[in-house]
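Enquirer: Next comes the structure file data_1.cif, holding mmCIF, C-alpha atoms (C1' of nucleotides).
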data_model
#
loop_
_atom_site.label_atom_id
_atom_site.label_comp_id
_atom_site.auth_asym_id
_atom_site.auth_seq_id
_atom_site.Cartn_x
_atom_site.Cartn_y
_atom_site.Cartn_z
CA MET A 121 28.45 119.82 -13.32
CA GLU A 122 31.12 120.10 -15.93
CA LYS A 123 31.15 123.35 -17.73
CA THR A 124 31.20 123.08 -21.48
CA PRO A 125 32.77 126.21 -22.93
CA THR A 126 31.42 125.86 -26.40
CA SER A 127 33.16 127.72 -29.17
CA ARG A 128 31.47 130.65 -30.80
CA VAL A 129 30.99 129.21 -34.26
CA VAL A 130 29.35 126.03 -33.07
CA ARG A 131 27.16 127.96 -30.64
CA ARG A 132 26.06 130.23 -33.42
CA ARG A 133 25.38 127.33 -35.76
CA ARG A 134 23.45 125.44 -33.12
CA THR A 135 21.12 128.25 -32.12
CA GLU A 136 20.63 129.19 -35.74
CA GLU A 137 19.57 125.66 -36.54
CA ARG A 138 17.42 125.58 -33.42
CA ILE A 139 15.62 128.70 -34.61
CA LEU A 140 15.21 127.29 -38.11
CA ALA A 141 13.78 124.05 -36.74
CA ALA A 142 11.33 125.93 -34.54
CA ALA A 143 10.38 128.14 -37.46
CA ARG A 144 9.79 125.15 -39.74
CA GLU A 145 7.55 123.52 -37.18
CA ALA A 146 5.58 126.68 -36.49
CA PHE A 147 5.17 127.55 -40.16
CA ALA A 148 4.12 123.98 -40.94
CA GLU A 149 1.52 123.90 -38.20
CA ARG A 150 0.17 127.43 -38.18
CA GLY A 151 1.11 128.92 -41.54
CA PHE A 152 2.99 132.11 -42.23
CA GLU A 153 0.59 134.73 -40.92
CA ARG A 154 -0.31 133.02 -37.65
CA THR A 155 3.31 132.30 -36.88
CA THR A 156 4.90 135.12 -34.93
CA ILE A 157 8.56 135.83 -34.40
CA ARG A 158 7.89 135.61 -30.68
CA ILE A 159 6.40 132.13 -30.97
CA VAL A 160 9.39 130.90 -32.93
CA ALA A 161 11.79 132.56 -30.50
CA ALA A 162 10.03 131.05 -27.51
CA ALA A 163 10.12 127.58 -29.06
CA ALA A 164 13.82 128.02 -29.75
CA GLU A 165 14.34 129.40 -26.23
CA VAL A 166 15.80 132.58 -27.56
CA ASP A 167 15.01 136.27 -27.52
CA PRO A 168 12.81 137.49 -30.40
CA ALA A 169 15.36 140.14 -31.28
CA LEU A 170 17.95 137.46 -31.97
CA VAL A 171 15.76 135.94 -34.63
CA MET A 172 15.64 139.29 -36.39
CA GLN A 173 19.36 139.76 -35.96
CA TYR A 174 20.08 136.43 -37.56
CA PHE A 175 17.54 136.43 -40.35
CA GLY A 176 16.73 140.08 -40.94
CA SER A 177 12.99 139.78 -41.30
CA LYS A 178 10.12 137.35 -40.93
CA ARG A 179 9.97 136.88 -44.68
CA GLU A 180 13.63 135.98 -44.89
CA LEU A 181 13.24 133.63 -41.95
CA PHE A 182 10.49 131.86 -43.84
CA GLU A 183 12.59 131.63 -46.98
CA ARG A 184 15.53 130.17 -45.08
CA ALA A 185 13.32 127.79 -43.10
CA VAL A 186 11.66 126.32 -46.17
CA GLN A 187 14.79 125.90 -48.23
CA MET A 188 15.06 122.26 -49.12
CA PRO A 189 18.16 120.20 -49.88
CA SER A 190 16.89 120.20 -53.48
CA ILE A 191 14.31 117.73 -54.69
CA PRO A 192 15.73 114.82 -56.65
CA PRO A 193 14.20 114.97 -60.13
CA LEU A 194 11.68 112.34 -61.06
CA GLY A 195 13.27 109.24 -62.54
CA GLY A 196 13.41 108.47 -66.23
CA GLY A 197 10.43 106.40 -67.30
CA LEU A 198 6.76 107.18 -66.80
CA ALA A 199 6.16 104.11 -64.66
CA GLU A 200 9.11 104.95 -62.45
CA SER A 201 7.95 108.54 -62.11
CA ILE A 202 4.52 107.43 -61.01
CA GLU A 203 6.00 105.05 -58.47
CA GLU A 204 8.21 107.83 -57.23
CA LEU A 205 5.23 110.11 -56.77
CA LEU A 206 3.28 107.42 -54.97
CA ALA A 207 6.24 106.65 -52.76
CA ARG A 208 6.48 110.27 -51.69
CA ILE A 209 3.05 110.07 -50.11
CA GLY A 210 4.25 107.80 -47.40
CA MET A 211 7.19 106.65 -45.43
CA LYS A 212 9.12 104.88 -48.13
CA ILE A 213 11.17 107.97 -48.74
CA GLY A 214 10.69 109.23 -45.22
CA PRO A 215 7.94 111.48 -43.90
CA ILE A 216 7.13 114.62 -45.82
CA PRO A 217 9.69 117.21 -44.76
CA GLN A 218 8.37 119.99 -42.59
CA ALA A 219 9.71 122.55 -45.02
CA SER A 220 7.31 121.23 -47.64
CA LEU A 221 4.44 121.20 -45.20
CA ALA A 222 5.24 124.78 -44.25
CA VAL A 223 5.09 125.90 -47.86
CA MET A 224 1.88 123.98 -48.50
CA ARG A 225 0.27 125.31 -45.35
CA SER A 226 1.06 128.87 -46.31
CA MET A 227 0.72 128.79 -50.07
CA LEU A 228 -2.93 129.82 -50.16
CA THR A 229 -2.47 132.94 -48.08
CA HIS A 230 1.17 133.96 -48.25
CA PRO A 231 2.07 135.28 -51.73
CA GLU A 232 5.71 134.21 -51.57
CA ALA A 233 4.80 130.72 -50.46
CA ALA A 234 2.35 130.59 -53.34
CA GLN A 235 5.06 131.57 -55.76
CA GLY A 236 7.44 128.96 -54.37
CA ALA A 237 4.79 126.26 -54.49
CA ARG A 238 3.84 127.18 -58.04
CA ALA A 239 7.45 127.00 -59.10
CA LYS A 240 7.99 123.56 -57.61
CA LEU A 241 4.69 122.20 -58.90
CA ASP A 242 5.23 123.64 -62.37
CA ASP A 243 8.60 121.95 -62.34
CA GLN A 244 7.10 118.60 -61.40
CA VAL A 245 4.51 119.03 -64.12
CA ALA A 246 7.20 119.69 -66.70
CA GLN A 247 9.22 116.65 -65.64
CA LEU A 248 6.22 114.39 -65.58
CA GLY A 249 4.86 115.79 -68.81
CA ALA A 250 8.10 114.98 -70.58
CA ALA A 251 7.59 111.32 -69.73
CA ILE A 252 4.04 111.17 -71.09
CA GLU A 253 3.42 110.44 -74.73
CA ASP A 254 0.21 112.21 -75.48
CA ASP A 255 -1.08 115.40 -77.03
CA ASP A 256 -2.29 116.45 -73.62
CA ALA A 257 0.90 115.43 -71.86
CA GLU A 258 1.27 118.61 -69.86
CA LEU A 259 -2.38 118.72 -68.88
CA ARG A 260 -2.29 115.10 -67.79
CA ALA A 261 0.87 115.73 -65.80
CA ALA A 262 -0.73 118.74 -64.15
CA LEU A 263 -3.74 116.69 -63.11
CA MET A 264 -1.50 114.01 -61.68
CA VAL A 265 0.38 116.56 -59.66
CA ALA A 266 -2.89 118.17 -58.57
CA THR A 267 -4.14 114.78 -57.43
CA MET A 268 -1.06 114.20 -55.32
CA LEU A 269 -1.40 117.70 -53.94
CA GLY A 270 -5.02 117.12 -53.00
CA VAL A 271 -4.33 113.82 -51.28
CA THR A 272 -1.44 115.30 -49.33
CA ILE A 273 -3.47 118.32 -48.25
CA ALA A 274 -6.45 116.21 -47.28
CA ARG A 275 -4.30 113.79 -45.34
CA GLN A 276 -1.52 115.85 -43.81
CA LEU A 277 -2.97 119.30 -43.45
CA LEU A 278 -6.73 118.84 -43.21
CA ASP A 279 -6.60 115.53 -41.41
CA LEU A 280 -9.65 114.13 -43.18
CA THR A 281 -11.12 111.43 -41.01
CA ALA A 282 -11.32 108.89 -43.81
CA LEU A 283 -7.61 109.24 -44.54
CA ARG A 284 -6.31 109.77 -41.05
CA GLU A 285 -5.44 106.27 -40.07
CA VAL A 286 -4.90 104.69 -43.43
CA SER A 287 -1.44 103.43 -44.28
CA ALA A 288 0.44 105.17 -47.05
CA GLU A 289 0.85 101.91 -48.89
CA ARG A 290 -2.88 101.33 -49.04
CA ILE A 291 -3.45 104.82 -50.37
CA ALA A 292 -0.74 104.37 -52.97
CA GLU A 293 -2.27 101.07 -53.98
CA ILE A 294 -5.67 102.56 -54.68
CA LEU A 295 -4.21 105.68 -56.20
CA ARG A 296 -2.03 103.80 -58.69
CA PRO A 297 -4.68 102.88 -61.26
CA SER A 298 -6.01 106.38 -61.07
CA MET A 299 -2.60 107.86 -61.76
CA ASN A 300 -2.10 105.45 -64.62
CA ALA A 301 -5.43 106.53 -66.06
CA LEU A 302 -4.39 110.16 -65.82
CA ALA A 303 -1.10 109.35 -67.49
CA GLY A 304 -3.02 107.89 -70.39
CA VAL A 305 -1.90 104.36 -69.71
CA ASP A 306 -4.32 101.55 -70.39
CA VAL A 307 -5.70 100.55 -67.05
CA PRO A 308 -6.26 96.85 -66.44
CA VAL A 309 -9.27 95.56 -64.58
CA ARG A 310 -8.50 95.83 -60.90
CA ASP A 311 -7.83 92.63 -59.05
CA ASP A 312 -10.41 91.81 -56.44
CA ALA A 313 -7.90 90.25 -54.14
CA GLY A 314 -8.02 93.04 -51.58
CA MET B 1 -30.73 164.52 -59.18
CA GLU B 2 -33.79 162.85 -57.83
CA LYS B 3 -33.54 161.93 -54.23
CA THR B 4 -34.48 158.39 -53.45
CA PRO B 5 -35.67 158.19 -49.85
CA THR B 6 -35.15 154.52 -49.43
CA SER B 7 -36.88 152.82 -46.56
CA ARG B 8 -34.87 151.71 -43.61
CA VAL B 9 -35.31 147.97 -43.97
CA VAL B 10 -34.22 147.86 -47.59
CA ARG B 11 -31.30 150.17 -46.88
CA ARG B 12 -30.20 147.94 -44.09
CA ARG B 13 -30.57 144.81 -46.19
CA ARG B 14 -28.68 146.35 -49.08
CA THR B 15 -25.68 147.53 -47.13
CA GLU B 16 -25.58 144.27 -45.22
CA GLU B 17 -25.48 142.32 -48.45
CA ARG B 18 -22.91 144.75 -49.84
CA ILE B 19 -20.69 144.08 -46.84
CA LEU B 20 -21.17 140.33 -47.15
CA ALA B 21 -20.29 140.43 -50.84
CA ALA B 22 -17.18 142.46 -50.15
CA ALA B 23 -16.25 140.09 -47.35
CA ARG B 24 -16.71 137.02 -49.52
CA GLU B 25 -14.50 138.48 -52.21
CA ALA B 26 -11.79 139.56 -49.78
CA PHE B 27 -11.81 136.24 -47.90
CA ALA B 28 -11.71 134.33 -51.17
CA GLU B 29 -8.79 136.31 -52.52
CA ARG B 30 -6.71 136.97 -49.44
CA GLY B 31 -7.82 134.44 -46.87
CA PHE B 32 -9.04 135.06 -43.35
CA GLU B 33 -5.94 136.46 -41.68
CA ARG B 34 -4.92 138.86 -44.42
CA THR B 35 -8.43 140.21 -44.75
CA THR B 36 -9.00 143.13 -42.43
CA ILE B 37 -12.28 144.64 -41.34
CA ARG B 38 -11.10 147.93 -42.81
CA ILE B 39 -10.47 146.38 -46.22
CA VAL B 40 -13.95 144.87 -46.28
CA ALA B 41 -15.49 148.11 -45.08
CA ALA B 42 -13.65 150.13 -47.71
CA ALA B 43 -14.75 147.76 -50.47
CA ALA B 44 -18.33 148.04 -49.25
CA GLU B 45 -17.94 151.83 -48.95
CA VAL B 46 -18.87 151.76 -45.30
CA ASP B 47 -17.28 152.62 -41.99
CA PRO B 48 -15.37 149.76 -40.34
CA ALA B 49 -17.38 150.20 -37.15
CA LEU B 50 -20.55 149.40 -39.04
CA VAL B 51 -19.23 146.02 -40.00
CA MET B 52 -18.68 145.25 -36.34
CA GLN B 53 -22.09 146.59 -35.44
CA TYR B 54 -23.77 144.34 -37.97
CA PHE B 55 -21.78 141.17 -37.51
CA GLY B 56 -20.30 141.41 -34.04
CA SER B 57 -16.80 140.20 -34.81
CA LYS B 58 -14.52 139.26 -37.66
CA ARG B 59 -15.11 135.59 -36.97
CA GLU B 60 -18.86 135.96 -37.15
CA LEU B 61 -18.53 138.01 -40.34
CA PHE B 62 -16.57 135.13 -41.85
CA GLU B 63 -19.17 132.61 -40.78
CA ARG B 64 -22.00 134.65 -42.25
CA ALA B 65 -20.09 135.43 -45.47
CA VAL B 66 -19.31 131.78 -45.99
CA GLN B 67 -22.75 130.36 -45.37
CA MET B 68 -23.95 128.63 -48.48
CA PRO B 69 -27.50 128.04 -49.67
CA SER B 70 -26.89 124.41 -48.76
CA ILE B 71 -25.15 122.01 -51.11
CA PRO B 72 -27.49 119.70 -52.99
CA PRO B 73 -26.56 116.15 -52.03
CA LEU B 74 -24.87 114.00 -54.64
CA GLY B 75 -27.34 112.14 -56.86
CA GLY B 76 -28.27 108.51 -56.41
CA GLY B 77 -26.04 106.29 -58.52
CA LEU B 78 -22.26 106.15 -58.53
CA ALA B 79 -21.99 107.18 -62.17
CA GLU B 80 -24.28 110.14 -61.58
CA SER B 81 -22.32 111.17 -58.51
CA ILE B 82 -19.08 111.15 -60.45
CA GLU B 83 -20.61 113.20 -63.22
CA GLU B 84 -21.92 115.60 -60.63
CA LEU B 85 -18.46 115.99 -59.12
CA LEU B 86 -16.88 116.52 -62.52
CA ALA B 87 -19.54 119.05 -63.44
CA ARG B 88 -18.79 121.06 -60.34
CA ILE B 89 -15.29 121.73 -61.55
CA GLY B 90 -16.48 123.93 -64.32
CA MET B 91 -19.25 126.14 -65.51
CA LYS B 92 -21.93 123.58 -66.04
CA ILE B 93 -23.33 124.27 -62.63
CA GLY B 94 -22.00 127.82 -62.59
CA PRO B 95 -18.66 129.04 -61.34
CA ILE B 96 -17.49 127.90 -57.96
CA PRO B 97 -19.22 130.17 -55.42
CA GLN B 98 -16.96 132.65 -53.71
CA ALA B 99 -18.09 131.36 -50.35
CA SER B 100 -16.50 128.00 -51.17
CA LEU B 101 -13.34 129.65 -52.43
CA ALA B 102 -13.17 131.68 -49.24
CA VAL B 103 -13.36 128.55 -47.10
CA MET B 104 -10.81 126.75 -49.22
CA ARG B 105 -8.46 129.70 -49.24
CA SER B 106 -8.57 129.93 -45.45
CA MET B 107 -8.88 126.30 -44.43
CA LEU B 108 -5.15 125.69 -44.02
CA THR B 109 -4.57 128.58 -41.66
CA HIS B 110 -7.88 129.50 -40.05
CA PRO B 111 -9.04 126.79 -37.62
CA GLU B 112 -12.75 127.47 -38.06
CA ALA B 113 -12.46 127.37 -41.82
CA ALA B 114 -10.60 124.09 -41.45
CA GLN B 115 -13.41 122.68 -39.34
CA GLY B 116 -16.02 123.80 -41.84
CA ALA B 117 -14.09 122.38 -44.75
CA ARG B 118 -13.56 119.08 -42.96
CA ALA B 119 -17.25 118.85 -42.21
CA LYS B 120 -18.27 119.45 -45.82
CA LEU B 121 -15.61 117.14 -47.22
CA ASP B 122 -16.39 114.39 -44.73
CA ASP B 123 -19.99 114.71 -45.76
CA GLN B 124 -19.13 114.34 -49.42
CA VAL B 125 -16.99 111.35 -48.61
CA ALA B 126 -19.86 109.71 -46.78
CA GLN B 127 -22.30 110.32 -49.61
CA LEU B 128 -19.90 109.07 -52.26
CA GLY B 129 -18.84 106.15 -50.16
CA ALA B 130 -22.41 105.00 -49.85
CA ALA B 131 -22.60 104.69 -53.63
CA ILE B 132 -19.45 102.61 -53.93
CA GLU B 133 -19.60 98.85 -53.57
CA ASP B 134 -16.24 97.91 -52.21
CA ASP B 135 -14.55 97.02 -48.97
CA ASP B 136 -12.59 100.24 -49.25
CA ALA B 137 -15.60 102.32 -50.21
CA GLU B 138 -14.91 105.13 -47.79
CA LEU B 139 -11.22 105.26 -48.58
CA ARG B 140 -11.94 105.33 -52.29
CA ALA B 141 -14.50 108.05 -51.80
CA ALA B 142 -12.03 110.07 -49.75
CA LEU B 143 -9.42 109.82 -52.47
CA MET B 144 -11.95 110.93 -55.06
CA VAL B 145 -12.85 113.94 -52.97
CA ALA B 146 -9.17 114.67 -52.35
CA THR B 147 -8.54 114.56 -56.08
CA MET B 148 -11.29 117.05 -56.78
CA LEU B 149 -9.95 119.22 -53.99
CA GLY B 150 -6.44 119.14 -55.41
CA VAL B 151 -7.56 120.01 -58.91
CA THR B 152 -9.69 122.87 -57.64
CA ILE B 153 -6.90 124.25 -55.49
CA ALA B 154 -4.33 123.93 -58.24
CA ARG B 155 -6.63 125.57 -60.76
CA GLN B 156 -8.58 128.17 -58.84
CA LEU B 157 -6.36 129.12 -55.96
CA LEU B 158 -2.81 128.39 -57.07
CA ASP B 159 -3.38 129.23 -60.71
CA LEU B 160 -1.05 126.52 -61.98
CA THR B 161 0.13 127.49 -65.42
CA ALA B 162 -0.69 124.14 -66.96
CA LEU B 163 -4.30 124.37 -65.80
CA ARG B 164 -4.86 128.09 -66.14
CA GLU B 165 -6.34 128.27 -69.61
CA VAL B 166 -7.74 124.79 -69.96
CA SER B 167 -11.49 124.42 -70.31
CA ALA B 168 -13.35 122.70 -67.53
CA GLU B 169 -14.78 120.20 -69.96
CA ARG B 170 -11.36 119.08 -71.07
CA ILE B 171 -10.25 118.65 -67.49
CA ALA B 172 -13.39 116.69 -66.66
CA GLU B 173 -12.81 114.50 -69.70
CA ILE B 174 -9.32 113.52 -68.64
CA LEU B 175 -10.29 113.24 -65.02
CA ARG B 176 -13.21 110.90 -65.64
CA PRO B 177 -11.29 107.64 -66.15
CA SER B 178 -9.19 108.49 -63.13
CA MET B 179 -12.27 108.99 -60.98
CA ASN B 180 -13.75 105.76 -62.27
CA ALA B 181 -10.56 103.96 -61.37
CA LEU B 182 -10.70 105.40 -57.88
CA ALA B 183 -14.32 104.34 -57.59
CA GLY B 184 -13.28 100.79 -58.36
CA VAL B 185 -15.04 100.73 -61.70
CA ASP B 186 -13.43 98.79 -64.50
CA VAL B 187 -11.78 101.34 -66.72
CA PRO B 188 -11.90 100.74 -70.45
CA VAL B 189 -8.99 101.49 -72.69
CA ARG B 190 -9.06 105.18 -73.43
CA ASP B 191 -10.14 106.22 -76.87
CA ASP B 192 -7.42 107.86 -78.90
CA ALA B 193 -9.81 110.15 -80.69
CA GLY B 194 -8.72 113.23 -78.78
"C1'" DC C 166 46.19 140.30 -18.44
"C1'" DT C 167 43.94 143.65 -21.72
"C1'" DG C 168 41.18 144.89 -25.32
"C1'" DT C 169 38.02 143.46 -28.92
"C1'" DT C 170 34.65 140.83 -31.01
"C1'" DG C 171 30.24 138.95 -31.26
"C1'" DA C 172 26.36 136.06 -29.36
"C1'" DC C 173 22.62 137.29 -26.88
"C1'" DT C 174 19.04 140.04 -23.98
"C1'" DC C 175 16.25 144.18 -22.55
"C1'" DA C 176 13.26 147.65 -23.40
"C1'" DA C 177 10.86 150.15 -26.42
"C1'" DC C 178 8.88 152.22 -30.82
"C1'" DG C 179 5.54 152.78 -34.50
"C1'" DA C 180 2.19 150.58 -37.23
"C1'" DC C 181 -1.71 147.99 -37.56
"C1'" DT C 182 -5.29 145.22 -35.84
"C1'" DG C 183 -10.07 144.11 -33.84
"C1'" DT C 184 -13.21 146.39 -31.23
"C1'" DA C 185 -16.18 149.87 -28.27
"C1'" DG C 186 -18.84 154.11 -27.27
"C1'" DA C 187 -20.54 158.52 -28.21
"C1'" DG C 188 -22.75 161.16 -31.45
"C1'" DC C 189 -25.20 162.79 -35.99
"C1'" DG C 190 -28.98 162.97 -39.10
"C1'" DA C 191 -32.73 161.06 -41.52
"C1'" DA C 192 -36.66 157.84 -41.43
"C1'" DA C 193 -40.45 156.20 -38.58
"C1'" DA C 194 -43.79 156.57 -34.89
"C1'" DT C 195 -46.61 159.46 -31.92
"C1'" DA D 24 -44.72 168.92 -35.03
"C1'" DT D 25 -42.39 166.40 -31.77
"C1'" DT D 26 -40.23 162.50 -30.24
"C1'" DT D 27 -38.21 158.13 -30.93
"C1'" DT D 28 -35.71 154.89 -33.59
"C1'" DC D 29 -31.81 153.41 -35.93
"C1'" DG D 30 -28.48 153.32 -39.95
"C1'" DC D 31 -24.21 155.13 -39.97
"C1'" DT D 32 -19.73 157.72 -38.90
"C1'" DC D 33 -16.00 159.59 -35.85
"C1'" DT D 34 -12.69 158.95 -32.59
"C1'" DA D 35 -10.16 156.34 -29.82
"C1'" DC D 36 -8.46 152.40 -26.95
"C1'" DA D 37 -5.89 148.29 -25.88
"C1'" DG D 38 -3.33 144.63 -27.64
"C1'" DT D 39 -0.18 142.51 -30.80
"C1'" DC D 40 2.85 142.59 -34.39
"C1'" DG D 41 7.53 143.20 -36.79
"C1'" DT D 42 11.44 145.57 -35.96
"C1'" DT D 43 15.36 148.47 -33.75
"C1'" DG D 44 19.22 150.14 -30.82
"C1'" DA D 45 21.59 150.09 -26.63
"C1'" DG D 46 23.56 147.28 -23.45
"C1'" DT D 47 25.69 142.69 -21.14
"C1'" DC D 48 28.76 139.04 -20.77
"C1'" DA D 49 31.57 135.30 -22.35
"C1'" DA D 50 34.80 133.78 -26.11
"C1'" DC D 51 38.65 135.22 -28.65
"C1'" DA D 52 43.19 137.90 -30.24
"C1'" DG D 53 47.13 140.47 -28.73
#
So that I can check it, write out the structure of this file as structure tokens.
Expert:
Amino acid sequence: MEKTPTSRVVRRRRTEERILAAAREAFAERGFERTTIRIVAAAAEVDPALVMQYFGSKRELFERAVQMPSIPPLGGGLAESIEELLARIGMKIGPIPQASLAVMRSMLTHPEAAQGARAKLDDQVAQLGAAIEDDDAELRAALMVATMLGVTIARQLLDLTALREVSAERIAEILRPSMNALAGVDVPVRDDAG
Amino acid sequence: MEKTPTSRVVRRRRTEERILAAAREAFAERGFERTTIRIVAAAAEVDPALVMQYFGSKRELFERAVQMPSIPPLGGGLAESIEELLARIGMKIGPIPQASLAVMRSMLTHPEAAQGARAKLDDQVAQLGAAIEDDDAELRAALMVATMLGVTIARQLLDLTALREVSAERIAEILRPSMNALAGVDVPVRDDAG
DNA sequence: CTGTTGACTCAACGACTGTAGAGCGAAAAT
DNA sequence: ATTTTCGCTCTACAGTCGTTGAGTCAACAG
């Protein structure tokens, strides 16, 4: 067995990231309240006290764990924005990051998660609304975002049986006319070539 | 001050209902985990131990508080079912019962609430799916239900700014073509008379 | 080699939780 | 009038939680 005398900085960075990863997973699966510092510490193979030492408090741990590498803003045109939204449902852009799942899982019970979710959703609504030409642009945008939210919750968090084993592409396909309708775009008769 | 020597049975029934009402409100606003027996007891102006004595455990209290007078099944035709769903968003049928809000608020973190929500949603999906003539009937139904879920969460639980002060009728109006599209119904060009 | 820093663990505290049992006083039964 | 029933409160227990401070040992600076 070779001994690997790892330097301090990299050790620190590694365990910190290990804790953050464990925290993300726990928060995403159990939500804020049901996730305990001890559970996270155990998953990261670390003493609970170390988690506190590194992150100060459970709340701060949550904040750090859910910080995202910034969401790329929705593209320019309305059609592109809709495609972008639909693509986010599935694997085209990669699976939904656990940080997002953690926020969504906790947003109905943890006030700070709710605030964070509201901020991000309001932002999406504003971006989408700017691309819609309609008196009710913002309302339409909000309903589009709410639709995406509902589908994601039903599929990823609630595990609805009817959505469990359906491919993301198929969902996006069926969702597209609906989103177009919400956006105020004339919806063509669906093709029966399914 | 007249003394009102209330009989035992009515006293019991009254305080029990008072506790259940307090529990519904607390569960709906704070979710299962953040709601404590003591909070419910205080709101019902009763000793915490009484809550246990009446309902056995916090879990059973939740179950009892959340029991609904049974949801009327969705009407016969597809069009009627959609209208029924849209009507449930707003005040036409009355505000969303607190029992439903309590389940929704808790379903992402409390396993039993999740199970209950899944059961009810799966049921709705089945009913709606039966009214849709399409190969993807169940999938379409699931996406319709998910949409309604998302709108309700965004509006009632997350309090999204863009949906906060919008009338239910207006939401239903904009949502209708989208639901029709999901149902696989040919969607006419929207009227610009709004 | 010597002393210092800092990553990490151990043990424990105080607060809060769900929950249980004994007891009080008024309504009901005798 | 006496006894029984039972709605209700008081007090307290055991467990878990977030959080803290002292202590240990290896990596670093001199």
Enquirer: Here is a test: counting only C-alpha atoms (C1' of nucleotides), which residue of B:Arg170, B:Arg8, B:Arg38, B:Arg88 is nearest to DA193 of chain C?
Expert: B:Arg8
Enquirer: What does the PyMOL selection byres ((chain B) within 7 of (chain A)) select in this file, as a ChimeraX atom specification?
Expert: /B:30-31,33,105,108-109,114,118,122,138-139,142-143,146-147,149-151,154,157-158,160,162-163,174-175,177-179,181-182,186-187,189-190
Enquirer: RMSD over all C-alpha atoms, chain A superposed on chain B in order?
Expert: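 Computed on C-alpha atoms only, the RMSD stands at 0.1 Å.
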Enquirer: Write out as a VMD selection string which residues come within 10 Å of DC189 of chain C when counting only C-alpha atoms (C1' of nucleotides), dropping same-chain ones fewer than 5 positions away.
Expert: chain D and resid 31 to 33
Enquirer: Sorted by chain and rising residue number, which residues of chain A lie within 12 Å of chain C, and what are their closest atom pairs and distances in Å to one decimal, counting only C-alpha atoms (C1' of nucleotides), as a Markdown table?
Expert:
| residue | atom | partner | partner_atom | distance |
| --- | --- | --- | --- | --- |
| A:Thr126 | CA | C:DA172 | C1' | 11.8 |
| A:Ser127 | CA | C:DA172 | C1' | 10.8 |
| A:Arg128 | CA | C:DA172 | C1' | 7.6 |
| A:Val129 | CA | C:DA172 | C1' | 9.6 |
| A:Val130 | CA | C:DA172 | C1' | 11.1 |
| A:Arg131 | CA | C:DA172 | C1' | 8.2 |
| A:Arg132 | CA | C:DA172 | C1' | 7.1 |
| A:Arg133 | CA | C:DA172 | C1' | 10.9 |
| A:Arg134 | CA | C:DA172 | C1' | 11.6 |
| A:Thr135 | CA | C:DA172 | C1' | 9.8 |
| A:Glu136 | CA | C:DA172 | C1' | 11.0 |
| A:Glu165 | CA | C:DC173 | C1' | 11.5 |
| A:Val166 | CA | C:DC173 | C1' | 8.3 |
| A:Asp167 | CA | C:DT174 | C1' | 6.6 |
| A:Pro168 | CA | C:DT174 | C1' | 9.3 |
| A:Ala169 | CA | C:DT174 | C1' | 8.2 |
| A:Leu170 | CA | C:DC173 | C1' | 6.9 |
| A:Val171 | CA | C:DC173 | C1' | 10.4 |
| A:Met172 | CA | C:DC173 | C1' | 12.0 |
| A:Gln173 | CA | C:DC173 | C1' | 10.0 |
| A:Tyr174 | CA | C:DA172 | C1' | 10.3 |
Enquirer: Write out the residues from the selection above, keeping C-alpha atoms, as a compact mmCIF listing (two decimals), in the coordinates of the input.
Expert:
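Once written, out-v4.txt looks like this:
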# COMPACT_ATOMS: atom_id res chain seq x y z
CA THR A 126 31.42 125.86 -26.40
CA SER A 127 33.16 127.72 -29.17
CA ARG A 128 31.47 130.65 -30.80
CA VAL A 129 30.99 129.21 -34.26
CA VAL A 130 29.35 126.03 -33.07
CA ARG A 131 27.16 127.96 -30.64
CA ARG A 132 26.06 130.23 -33.42
CA ARG A 133 25.38 127.33 -35.76
CA ARG A 134 23.45 125.44 -33.12
CA THR A 135 21.12 128.25 -32.12
CA GLU A 136 20.63 129.19 -35.74
CA GLU A 165 14.34 129.40 -26.23
CA VAL A 166 15.80 132.58 -27.56
CA ASP A 167 15.01 136.27 -27.52
CA PRO A 168 12.81 137.49 -30.40
CA ALA A 169 15.36 140.14 -31.28
CA LEU A 170 17.95 137.46 -31.97
CA VAL A 171 15.76 135.94 -34.63
CA MET A 172 15.64 139.29 -36.39
CA GLN A 173 19.36 139.76 -35.96
CA TYR A 174 20.08 136.43 -37.56
Enquirer: Set the cut-off to 9 Å and count all atoms listed in the file: what are the residues of chain D that reach chain A? Output as JSON, numbers by chain.
Expert: {"D": [40, 41, 42, 43, 50, 51]}
Enquirer: To one decimal place in Å, what is the distance between atom CA of Ala65 of chain B and atom CA of Arg24 of chain B?
Expert: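 Spanning atom CA of Ala65 of chain B to atom CA of Arg24 of chain B is a straight-line distance of 5.5 Å.
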Enquirer: Between B:Ala26, B:Ile96, B:Phe55, B:Pro73, which one has atoms that come closest to Asp123 of chain B, using all atoms listed in the file?
Expert: B:Pro73
Enquirer: For atom CA of Gly236 of chain A and atom CA of Gln187 of chain A, quote the distance in Å rounded to one decimal.
Expert: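 Atom-to-atom, atom CA of Gly236 of chain A and atom CA of Gln187 of chain A are spaced 10.1 Å apart.
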Enquirer: What is the distance, in Å and to one decimal place, between atom CA of Leu198 of chain A and atom CA of Ala251 of chain A?
Expert: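 Interatomic distance here is 5.1 Å.
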Enquirer: Please identify all polymer residues within 7 Å of Ala22 of chain B, counting all atoms listed in the file, omitting same-chain residues fewer than 6 positions from it, and present them as a ChimeraX atom specification.
Expert: /B:40,43-44
